[in-house]
>>> print(open('upload-v8.cif').read())   # mmCIF, C-alpha atoms (C1' of nucleotides)
data_my_file
#
loop_
_atom_site.label_atom_id
_atom_site.label_comp_id
_atom_site.auth_asym_id
_atom_site.auth_seq_id
_atom_site.Cartn_x
_atom_site.Cartn_y
_atom_site.Cartn_z
CA MET A 25 -155.27 158.15 141.77
CA LYS A 26 -155.89 157.89 138.07
CA ILE A 27 -158.66 160.01 136.54
CA ALA A 28 -159.53 159.50 132.89
CA THR A 29 -161.87 160.97 130.30
CA TRP A 30 -163.15 159.27 127.16
CA ASN A 31 -165.79 160.15 124.60
CA ILE A 32 -166.98 156.64 123.79
CA ASN A 33 -169.43 157.64 121.00
CA GLY A 34 -172.25 155.35 122.11
CA ILE A 35 -172.23 152.89 125.00
CA LYS A 36 -174.00 150.19 122.98
CA ALA A 37 -171.41 150.29 120.21
CA ARG A 38 -168.48 150.68 122.61
CA HIS A 39 -169.43 148.31 125.44
CA ASP A 40 -166.75 145.70 124.77
CA ASN A 41 -164.03 148.30 124.15
CA LEU A 42 -164.95 150.08 127.37
CA ILE A 43 -164.76 146.88 129.43
CA GLU A 44 -161.42 145.95 127.87
CA TRP A 45 -159.99 149.42 128.46
CA LEU A 46 -161.19 149.49 132.09
CA ARG A 47 -159.45 146.14 132.68
CA GLN A 48 -156.19 147.33 131.12
CA ALA A 49 -156.03 150.97 132.21
CA GLU A 50 -157.60 150.50 135.65
CA PRO A 51 -158.65 154.12 136.15
CA ASP A 52 -159.92 155.01 139.62
CA ILE A 53 -162.37 157.44 138.07
CA ALA A 54 -163.50 157.36 134.43
CA CYS A 55 -165.48 160.23 132.92
CA LEU A 56 -167.44 159.21 129.83
CA GLN A 57 -169.12 161.34 127.18
CA GLU A 58 -171.59 160.63 124.40
CA ILE A 59 -173.04 157.56 126.07
CA LYS A 60 -176.06 158.13 123.76
CA SER A 61 -178.30 156.25 126.15
CA VAL A 62 -180.99 156.86 128.70
CA ASP A 63 -179.98 156.05 132.27
CA GLU A 64 -182.15 152.91 132.44
CA ASN A 65 -180.39 151.34 129.45
CA PHE A 66 -176.83 152.00 130.58
CA PRO A 67 -175.19 148.57 131.10
CA ARG A 68 -174.07 149.05 134.67
CA ASP A 69 -173.88 145.41 135.81
CA GLU A 70 -170.66 144.42 134.09
CA ILE A 71 -169.03 147.73 135.01
CA GLU A 72 -170.08 147.38 138.63
CA ALA A 73 -168.65 143.86 138.58
CA LEU A 74 -165.27 145.45 137.82
CA GLY A 75 -165.58 147.39 141.06
CA TYR A 76 -167.03 150.67 139.85
CA ASN A 77 -169.84 152.80 141.16
CA VAL A 78 -171.81 154.16 138.21
CA GLU A 79 -173.61 157.49 137.89
CA THR A 80 -175.07 158.60 134.57
CA HIS A 81 -176.79 161.64 133.13
CA GLY A 82 -178.20 160.33 129.90
CA GLN A 83 -180.80 161.11 127.28
CA LYS A 84 -182.19 159.35 124.23
CA SER A 85 -179.97 159.11 121.12
CA PHE A 86 -177.54 161.96 121.75
CA ASN A 87 -175.08 163.38 124.26
CA GLY A 88 -175.11 161.83 127.73
CA VAL A 89 -172.29 161.73 130.29
CA ALA A 90 -171.28 159.34 133.06
CA ILE A 91 -168.78 158.91 135.86
CA LEU A 92 -167.46 155.49 136.87
CA SER A 93 -165.64 155.49 140.20
CA ARG A 94 -163.96 152.99 142.49
CA LEU A 95 -164.60 155.48 145.31
CA PRO A 96 -168.20 155.79 146.44
CA PHE A 97 -170.01 158.99 145.47
CA ASP A 98 -170.64 161.36 148.38
CA GLU A 99 -172.71 163.60 146.11
CA VAL A 100 -173.81 163.73 142.47
CA ASN A 101 -174.99 166.80 140.56
CA ARG A 102 -176.51 166.54 137.11
CA GLY A 103 -176.62 169.39 134.62
CA LEU A 104 -174.73 172.65 134.45
CA PRO A 105 -176.75 175.10 136.56
CA PHE A 106 -178.68 177.74 134.65
CA VAL A 107 -177.67 181.35 134.45
CA GLN A 108 -181.03 182.49 133.09
CA PRO A 109 -184.12 181.01 134.69
CA ASP A 110 -185.56 180.29 131.22
CA ASP A 111 -182.33 178.73 129.94
CA GLU A 112 -183.39 175.18 130.60
CA ASP A 113 -180.63 172.78 129.65
CA ILE A 114 -182.28 169.72 128.19
CA GLN A 115 -179.04 168.43 126.69
CA ALA A 116 -177.29 165.97 129.02
CA ARG A 117 -173.73 167.29 128.99
CA PHE A 118 -172.59 167.70 132.58
CA ILE A 119 -172.29 165.57 135.72
CA GLU A 120 -170.31 166.27 138.87
CA GLY A 121 -169.23 163.69 141.43
CA VAL A 122 -167.86 164.44 144.90
CA PHE A 123 -165.54 161.95 146.60
CA SER A 124 -163.61 161.52 149.84
CA THR A 125 -159.94 160.58 149.59
CA ASP A 126 -157.19 160.22 152.21
CA LYS A 127 -156.22 163.78 151.33
CA GLY A 128 -159.75 165.11 151.65
CA VAL A 129 -162.53 165.99 149.22
CA LEU A 130 -162.17 165.57 145.46
CA ARG A 131 -164.59 166.93 142.87
CA VAL A 132 -164.67 165.51 139.35
CA VAL A 133 -166.81 166.68 136.43
CA SER A 134 -167.51 164.78 133.23
CA LEU A 135 -168.51 167.31 130.57
CA TYR A 136 -169.45 167.21 126.91
CA LEU A 137 -169.23 170.69 125.49
CA PRO A 138 -171.47 171.51 122.51
CA ASN A 139 -169.79 171.12 119.12
CA GLY A 140 -171.09 174.46 117.84
CA ASN A 141 -171.14 173.71 114.11
CA PRO A 142 -172.38 175.04 111.78
CA VAL A 143 -171.29 178.43 113.07
CA ASP A 144 -173.99 180.37 111.20
CA THR A 145 -176.73 178.60 113.15
CA GLU A 146 -177.97 178.88 116.74
CA LYS A 147 -175.58 176.05 117.62
CA PHE A 148 -172.54 178.33 117.82
CA PRO A 149 -174.00 180.90 120.25
CA TYR A 150 -175.31 177.96 122.27
CA LYS A 151 -171.76 176.64 122.55
CA LEU A 152 -170.39 180.02 123.62
CA ALA A 153 -173.20 180.54 126.14
CA TRP A 154 -172.51 177.08 127.53
CA MET A 155 -168.84 177.97 127.94
CA GLU A 156 -169.80 181.18 129.74
CA ARG A 157 -171.96 179.18 132.13
CA LEU A 158 -169.10 176.72 132.67
CA GLU A 159 -166.76 179.60 133.47
CA ALA A 160 -169.21 181.08 135.98
CA TRP A 161 -169.76 177.68 137.58
CA THR A 162 -166.00 177.05 137.79
CA ARG A 163 -165.38 180.46 139.33
CA GLN A 164 -167.85 179.58 142.08
CA ARG A 165 -166.33 176.15 142.67
CA LEU A 166 -162.81 177.60 142.88
CA GLU A 167 -163.91 179.63 145.89
CA LEU A 168 -164.09 176.33 147.77
CA GLU A 169 -160.31 175.93 147.25
CA GLU A 170 -160.69 172.17 146.76
CA PRO A 171 -159.12 169.73 144.32
CA LEU A 172 -161.39 169.91 141.26
CA ILE A 173 -160.94 168.25 137.89
CA LEU A 174 -162.98 169.22 134.83
CA ALA A 175 -162.61 166.31 132.42
CA GLY A 176 -164.24 165.84 129.09
CA ASP A 177 -164.73 166.51 125.42
CA TYR A 178 -164.45 170.31 125.18
CA ASN A 179 -164.81 170.43 121.39
CA VAL A 180 -162.10 173.09 121.46
CA ILE A 181 -158.71 172.97 119.72
CA PRO A 182 -156.78 175.24 122.08
CA MET A 183 -153.79 176.07 119.85
CA PRO A 184 -152.73 175.70 116.19
CA GLU A 185 -150.29 172.94 117.18
CA ASP A 186 -153.25 170.95 118.51
CA CYS A 187 -154.33 170.09 114.97
CA HIS A 188 -152.65 168.70 111.88
CA ASP A 189 -153.48 171.61 109.59
CA PRO A 190 -154.75 174.83 111.21
CA GLU A 191 -155.81 176.29 107.85
CA VAL A 192 -158.34 173.52 107.39
CA TRP A 193 -159.89 174.34 110.78
CA GLU A 194 -160.13 178.06 110.18
CA GLY A 195 -163.74 179.12 110.77
CA ASP A 196 -164.76 175.82 112.38
CA ALA A 197 -166.53 176.13 115.73
CA LEU A 198 -163.80 173.98 117.34
CA PHE A 199 -161.11 176.47 116.35
CA ARG A 200 -162.93 179.79 116.14
CA PRO A 201 -161.23 182.58 118.14
CA GLU A 202 -164.36 182.91 120.31
CA SER A 203 -164.15 179.21 121.31
CA ARG A 204 -160.43 179.34 121.96
CA THR A 205 -160.75 182.56 123.95
CA ALA A 206 -163.49 181.06 126.11
CA PHE A 207 -161.31 178.02 126.77
CA ARG A 208 -158.38 180.29 127.61
CA ARG A 209 -160.56 182.28 129.99
CA LEU A 210 -161.44 179.07 131.79
CA CYS A 211 -157.75 178.19 132.12
CA ASN A 212 -156.95 181.72 133.27
CA LEU A 213 -159.22 181.27 136.28
CA GLY A 214 -156.39 179.10 137.58
CA MET A 215 -157.17 175.77 135.93
CA SER A 216 -154.16 173.99 134.46
CA GLU A 217 -154.30 171.57 131.58
CA ALA A 218 -152.95 168.10 132.39
CA ILE A 219 -151.52 167.15 128.99
CA ARG A 220 -149.87 170.53 128.37
CA SER A 221 -148.34 170.25 131.85
CA VAL A 222 -146.30 167.27 130.68
CA THR A 223 -145.58 167.93 126.98
CA ASP A 224 -145.40 170.75 124.48
CA GLN A 225 -145.10 168.30 121.58
CA PRO A 226 -147.25 169.05 118.53
CA GLU A 227 -149.39 166.28 117.02
CA THR A 228 -150.54 165.23 120.47
CA TYR A 229 -154.07 164.27 119.52
CA THR A 230 -157.13 162.75 121.19
CA PHE A 231 -159.52 162.53 118.20
CA TRP A 232 -159.22 161.29 114.66
CA ASP A 233 -162.22 161.52 112.32
CA TYR A 234 -163.65 158.29 110.93
CA GLN A 235 -163.55 159.86 107.47
CA ALA A 236 -160.84 160.30 104.86
CA GLY A 237 -158.36 157.99 106.57
CA ALA A 238 -157.70 160.53 109.30
CA TRP A 239 -156.27 157.94 111.71
CA PRO A 240 -153.69 156.29 109.40
CA LYS A 241 -152.66 159.77 108.22
CA ASN A 242 -152.48 161.00 111.84
CA ASN A 243 -154.77 163.83 110.85
CA GLY A 244 -156.03 164.40 114.37
CA ILE A 245 -157.01 167.11 116.81
CA ARG A 246 -156.66 167.57 120.56
CA ILE A 247 -160.09 168.39 121.99
CA ASP A 248 -160.36 166.16 125.09
CA HIS A 249 -158.91 167.86 128.14
CA LEU A 250 -158.49 167.57 131.89
CA LEU A 251 -158.40 170.90 133.70
CA LEU A 252 -157.09 170.92 137.27
CA SER A 253 -157.76 173.46 140.01
CA PRO A 254 -154.65 174.74 141.87
CA GLU A 255 -155.34 172.29 144.70
CA ALA A 256 -155.54 169.38 142.24
CA ALA A 257 -152.49 170.64 140.32
CA LYS A 258 -150.46 170.52 143.53
CA MET A 259 -151.10 166.76 143.65
CA PHE A 260 -150.58 166.21 139.91
CA THR A 261 -147.97 163.62 138.96
CA CYS A 262 -148.45 162.64 135.29
CA ALA A 263 -150.79 162.48 132.32
CA ASP A 264 -151.01 160.66 129.02
CA ILE A 265 -153.22 159.65 126.09
CA ASP A 266 -154.20 156.02 125.46
CA LYS A 267 -153.67 156.40 121.73
CA HIS A 268 -153.45 152.64 121.03
CA VAL A 269 -157.18 152.29 121.71
CA ARG A 270 -157.87 153.99 118.35
CA ASP A 271 -156.44 150.89 116.65
CA TRP A 272 -158.92 148.49 118.26
CA GLU A 273 -161.84 146.91 116.40
CA LYS A 274 -164.85 149.19 116.26
CA PRO A 275 -163.07 152.14 117.87
CA SER A 276 -164.52 155.40 119.09
CA ASP A 277 -163.22 158.40 117.15
CA HIS A 278 -161.86 159.67 120.51
CA VAL A 279 -159.28 157.96 122.75
CA PRO A 280 -158.98 158.08 126.55
CA VAL A 281 -156.92 160.81 128.20
CA TRP A 282 -155.87 160.50 131.83
CA ALA A 283 -154.12 162.29 134.67
CA GLU A 284 -152.73 160.94 137.89
CA ILE A 285 -152.79 162.81 141.19
CA ALA A 286 -151.22 161.83 144.52
CA ALA A 287 -154.41 161.22 146.47
"C1'" DA B 19 -163.17 168.85 104.80
"C1'" DT B 20 -164.69 164.06 103.42
"C1'" DG B 21 -162.62 157.72 101.66
"C1'" DT B 22 -167.45 157.40 108.35
"C1'" DC B 23 -170.08 155.99 112.16
"C1'" DA B 24 -174.08 155.63 115.64
"C1'" DT B 25 -178.81 156.21 116.56
"C1'" DC B 26 -183.77 156.28 115.72
"C1'" DG B 27 -187.90 155.42 113.54
"C1'" DC B 28 -190.81 151.68 112.76
"C1'" DG B 29 -188.07 149.67 108.64
"C1'" DT B 30 -184.52 146.52 105.87
"C1'" DC B 31 -182.75 153.15 104.29
"C1'" DG B 32 -183.07 158.17 105.26
"C1'" DA B 33 -182.53 161.70 108.33
"C1'" DT B 34 -179.68 163.64 111.87
"C1'" DG B 35 -175.67 164.74 114.53
"C1'" DA B 36 -170.86 164.68 114.96
#
>>> encode(input="upload-v8.cif", output="structure tokens")
Amino acid sequence: MKIATWNINGIKARHDNLIEWLRQAEPDIACLQEIKSVDENFPRDEIEALGYNVETHGQKSFNGVAILSRLPFDEVNRGLPFVQPDDEDIQARFIEGVFSTDKGVLRVVSLYLPNGNPVDTEKFPYKLAWMERLEAWTRQRLELEEPLILAGDYNVIPMPEDCHDPEVWEGDALFRPESRTAFRRLCNLGMSEAIRSVTDQPETYTFWDYQAGAWPKNNGIRIDHLLLSPEAAKMFTCADIDKHVRDWEKPSDHVPVWAEIAA
DNA sequence: ATGTCATCGCGTCGATGA
């Protein structure tokens, strides 16, 4: 089973690219971020025609996540649960789907972690608080001892080798020690990272800025990740990045990342 | 670390977010 994640940077702008990629890559489950659309406007018909069930958690203009799945959804949960009762999450950044496979239950999350810049505004503490909530949620889910995959745009550069020039990223919310530590804490719960399970190569990127010729210069960063619970990691077979998609007409600034598990 | 892009609001561009 192939599970992919892709920040498409707007479903309206990326519709044709998404359809083409689904045809070529044939993921069983595709987690999308930044659909930038309300649920009613998400173009489900053509995607459903390709054999996918579609569940979205959208909002107007910004954010928005979705899961496309060949397997039917047994359960869908929208929004990362609150830690504080007054901490109402109005930003659509989290959706969980539950599926039944031959090997049993499979849980997949599509998440879009807050960017956190500029760091001297309320955006950075919001990012860190969101990561704390994600860690608490994950800790609870791990008690179920089920295959669980957290896929999405984490807006975190885990290590210096995950960017072209670490000095440039010094102080940025994507590379701040607090962000990296929070990501590491999540991994240390027992979640393993799909791409780093198959390669330790530097310059393994998932995002290239639209600006300053970042793509032709390969000035990229690795911020899209798939984290696997121990039960999912046991079934893990391979992972890769669909880098070629960045060369298409009207590309997203992110490319798809995928993992395959024997289920 | 800016050679950009997507979205919205009502406007043919500016603000905003990334």
>>> interface_residues(input="upload-v8.cif", of="chain B", to="chain A", cutoff="12 Å", atoms="all atoms listed in the file", output="list in words")
DA19, DT20, DG21, DT22, DC23, DA24, DT25, DC26, DG27, DT34, DG35 and DA36 of chain B
>>> residues_around(input="upload-v8.cif", residues="Arg208 (chain A)", least_positions_apart="6", cutoff="10 Å", atoms="all atoms listed in the file", output="ChimeraX atom specification")
/A:182-183,202,215
>>> write_last_selection(input="upload-v8.cif", atoms="C-alpha atoms", output="PDB file, keeping the file's coordinate frame")
ATOM      1  CA  PRO A 182    -156.780 175.240 122.080  1.00  0.00           C
ATOM      2  CA  MET A 183    -153.790 176.070 119.850  1.00  0.00           C
ATOM      3  CA  GLU A 202    -164.360 182.910 120.310  1.00  0.00           C
ATOM      4  CA  MET A 215    -157.170 175.770 135.930  1.00  0.00           C
TER       5      MET A 215
END
>>> atom_distance(input="upload-v8.cif", atom1="CA of Arg157 (chain A)", atom2="CA of Asp264 (chain A)")
28.1 Å
>>> resolve_selection(input="upload-v8.cif", expression="the PyMOL selection byres ((chain A and resi 263) around 12)", output="list in words")
Met25, Lys26, Ile27, Ala28, Thr29, Glu217, Ala218, Ile219, Arg220, Ser221, Val222, Thr223, His249, Leu250, Leu251, Leu252, Ala257, Phe260, Thr261, Cys262, Asp264, Ile265, Asp266, Pro280, Val281, Trp282, Ala283, Glu284 and Ile285 of chain A
>>> resolve_selection(input="upload-v8.cif", expression="the PyMOL selection byres ((chain A and resi 231) around 9)", output="PyMOL selection string")
chain A and resi 229-230+232-233+239+243-248+270+276-279
>>> atom_distance(input="upload-v8.cif", atom1="CA of Asn212 (chain A)", atom2="CA of Gln164 (chain A)")
14.2 Å
>>> atom_distance(input="upload-v8.cif", atom1="CA of Glu120 (chain A)", atom2="CA of Asn101 (chain A)")
5.0 Å
>>> resolve_selection(input="upload-v8.cif", expression="the PyMOL selection byres ((chain A and resi 121) around 12)", output="mmCIF file with C-alpha atoms, in the coordinates of the input")
data_model
loop_
_atom_site.group_PDB
_atom_site.id
_atom_site.type_symbol
_atom_site.label_atom_id
_atom_site.label_comp_id
_atom_site.auth_asym_id
_atom_site.auth_seq_id
_atom_site.Cartn_x
_atom_site.Cartn_y
_atom_site.Cartn_z
ATOM 1 C CA ILE A 53 -162.370 157.440 138.070
ATOM 2 C CA ALA A 54 -163.500 157.360 134.430
ATOM 3 C CA CYS A 55 -165.480 160.230 132.920
ATOM 4 C CA ASN A 77 -169.840 152.800 141.160
ATOM 5 C CA VAL A 78 -171.810 154.160 138.210
ATOM 6 C CA GLU A 79 -173.610 157.490 137.890
ATOM 7 C CA THR A 80 -175.070 158.600 134.570
ATOM 8 C CA HIS A 81 -176.790 161.640 133.130
ATOM 9 C CA VAL A 89 -172.290 161.730 130.290
ATOM 10 C CA ALA A 90 -171.280 159.340 133.060
ATOM 11 C CA ILE A 91 -168.780 158.910 135.860
ATOM 12 C CA LEU A 92 -167.460 155.490 136.870
ATOM 13 C CA SER A 93 -165.640 155.490 140.200
ATOM 14 C CA ARG A 94 -163.960 152.990 142.490
ATOM 15 C CA LEU A 95 -164.600 155.480 145.310
ATOM 16 C CA PRO A 96 -168.200 155.790 146.440
ATOM 17 C CA PHE A 97 -170.010 158.990 145.470
ATOM 18 C CA ASP A 98 -170.640 161.360 148.380
ATOM 19 C CA GLU A 99 -172.710 163.600 146.110
ATOM 20 C CA VAL A 100 -173.810 163.730 142.470
ATOM 21 C CA ASN A 101 -174.990 166.800 140.560
ATOM 22 C CA ARG A 102 -176.510 166.540 137.110
ATOM 23 C CA GLY A 103 -176.620 169.390 134.620
ATOM 24 C CA PHE A 118 -172.590 167.700 132.580
ATOM 25 C CA ILE A 119 -172.290 165.570 135.720
ATOM 26 C CA GLU A 120 -170.310 166.270 138.870
ATOM 27 C CA VAL A 122 -167.860 164.440 144.900
ATOM 28 C CA PHE A 123 -165.540 161.950 146.600
ATOM 29 C CA SER A 124 -163.610 161.520 149.840
ATOM 30 C CA VAL A 129 -162.530 165.990 149.220
ATOM 31 C CA LEU A 130 -162.170 165.570 145.460
ATOM 32 C CA ARG A 131 -164.590 166.930 142.870
ATOM 33 C CA VAL A 132 -164.670 165.510 139.350
ATOM 34 C CA VAL A 133 -166.810 166.680 136.430
ATOM 35 C CA SER A 134 -167.510 164.780 133.230
ATOM 36 C CA LEU A 135 -168.510 167.310 130.570
ATOM 37 C CA LEU A 172 -161.390 169.910 141.260
ATOM 38 C CA ILE A 173 -160.940 168.250 137.890
ATOM 39 C CA LEU A 174 -162.980 169.220 134.830
ATOM 40 C CA ALA A 175 -162.610 166.310 132.420
#
>>> residues_around(input="upload-v8.cif", residues="Glu255 (chain A)", least_positions_apart="6", cutoff="9 Å", atoms="all atoms listed in the file", output="number ranges by chain")
A: 169-172
>>> write_last_selection(input="upload-v8.cif", atoms="C-alpha atoms", output="short mmCIF file (atom, residue, chain, number, x, y, z; two decimals), in the frame of the given file")
data_model
loop_
_atom_site.label_atom_id
_atom_site.label_comp_id
_atom_site.auth_asym_id
_atom_site.auth_seq_id
_atom_site.Cartn_x
_atom_site.Cartn_y
_atom_site.Cartn_z
CA GLU A 169 -160.31 175.93 147.25
CA GLU A 170 -160.69 172.17 146.76
CA PRO A 171 -159.12 169.73 144.32
CA LEU A 172 -161.39 169.91 141.26
#
>>> build_atoms(input="upload-v8.cif", residues="region 189-209 of chain A", atoms="N, CA and C atoms", output="CSV table (one decimal), in the frame of the given file")
chain,number,residue,atom,x,y,z
A,189,ASP,N,-153.5,170.5,110.6
A,189,ASP,CA,-153.5,171.6,109.6
A,189,ASP,C,-154.4,172.7,110.0
A,190,PRO,N,-153.9,173.7,110.7
A,190,PRO,CA,-154.8,174.8,111.2
A,190,PRO,C,-155.6,175.5,110.1
A,191,GLU,N,-155.1,175.6,108.9
A,191,GLU,CA,-155.8,176.3,107.8
A,191,GLU,C,-157.1,175.6,107.6
A,192,VAL,N,-157.1,174.3,107.7
A,192,VAL,CA,-158.3,173.5,107.4
A,192,VAL,C,-159.4,173.8,108.4
A,193,TRP,N,-159.0,174.1,109.7
A,193,TRP,CA,-159.9,174.3,110.8
A,193,TRP,C,-160.3,175.8,110.9
A,194,GLU,N,-159.8,176.7,110.1
A,194,GLU,CA,-160.1,178.1,110.2
A,194,GLU,C,-161.6,178.2,110.0
A,195,GLY,N,-162.3,178.9,110.9
A,195,GLY,CA,-163.7,179.1,110.8
A,195,GLY,C,-164.6,178.0,111.4
A,196,ASP,N,-164.0,176.9,111.7
A,196,ASP,CA,-164.8,175.8,112.4
A,196,ASP,C,-165.0,176.2,113.9
A,197,ALA,N,-166.2,175.8,114.3
A,197,ALA,CA,-166.5,176.1,115.7
A,197,ALA,C,-165.5,175.6,116.7
A,198,LEU,N,-164.8,174.5,116.4
A,198,LEU,CA,-163.8,174.0,117.3
A,198,LEU,C,-162.5,174.8,117.4
A,199,PHE,N,-162.4,175.7,116.4
A,199,PHE,CA,-161.1,176.5,116.4
A,199,PHE,C,-161.4,178.0,116.2
A,200,ARG,N,-162.6,178.4,116.2
A,200,ARG,CA,-162.9,179.8,116.1
A,200,ARG,C,-162.3,180.5,117.3
A,201,PRO,N,-161.8,181.8,117.1
A,201,PRO,CA,-161.2,182.6,118.1
A,201,PRO,C,-162.1,182.7,119.4
A,202,GLU,N,-163.5,182.8,119.2
A,202,GLU,CA,-164.4,182.9,120.3
A,202,GLU,C,-164.3,181.7,121.2
A,203,SER,N,-164.2,180.5,120.6
A,203,SER,CA,-164.2,179.2,121.3
A,203,SER,C,-162.8,179.1,122.1
A,204,ARG,N,-161.8,179.4,121.4
A,204,ARG,CA,-160.4,179.3,122.0
A,204,ARG,C,-160.3,180.3,123.1
A,205,THR,N,-160.8,181.5,122.9
A,205,THR,CA,-160.8,182.6,124.0
A,205,THR,C,-161.5,182.1,125.2
A,206,ALA,N,-162.7,181.5,125.0
A,206,ALA,CA,-163.5,181.1,126.1
A,206,ALA,C,-162.8,180.0,126.9
A,207,PHE,N,-162.1,179.1,126.1
A,207,PHE,CA,-161.3,178.0,126.8
A,207,PHE,C,-160.1,178.6,127.6
A,208,ARG,N,-159.5,179.6,126.9
A,208,ARG,CA,-158.4,180.3,127.6
A,208,ARG,C,-158.8,181.0,128.9
A,209,ARG,N,-160.0,181.6,128.8
A,209,ARG,CA,-160.6,182.3,130.0
A,209,ARG,C,-160.8,181.3,131.1
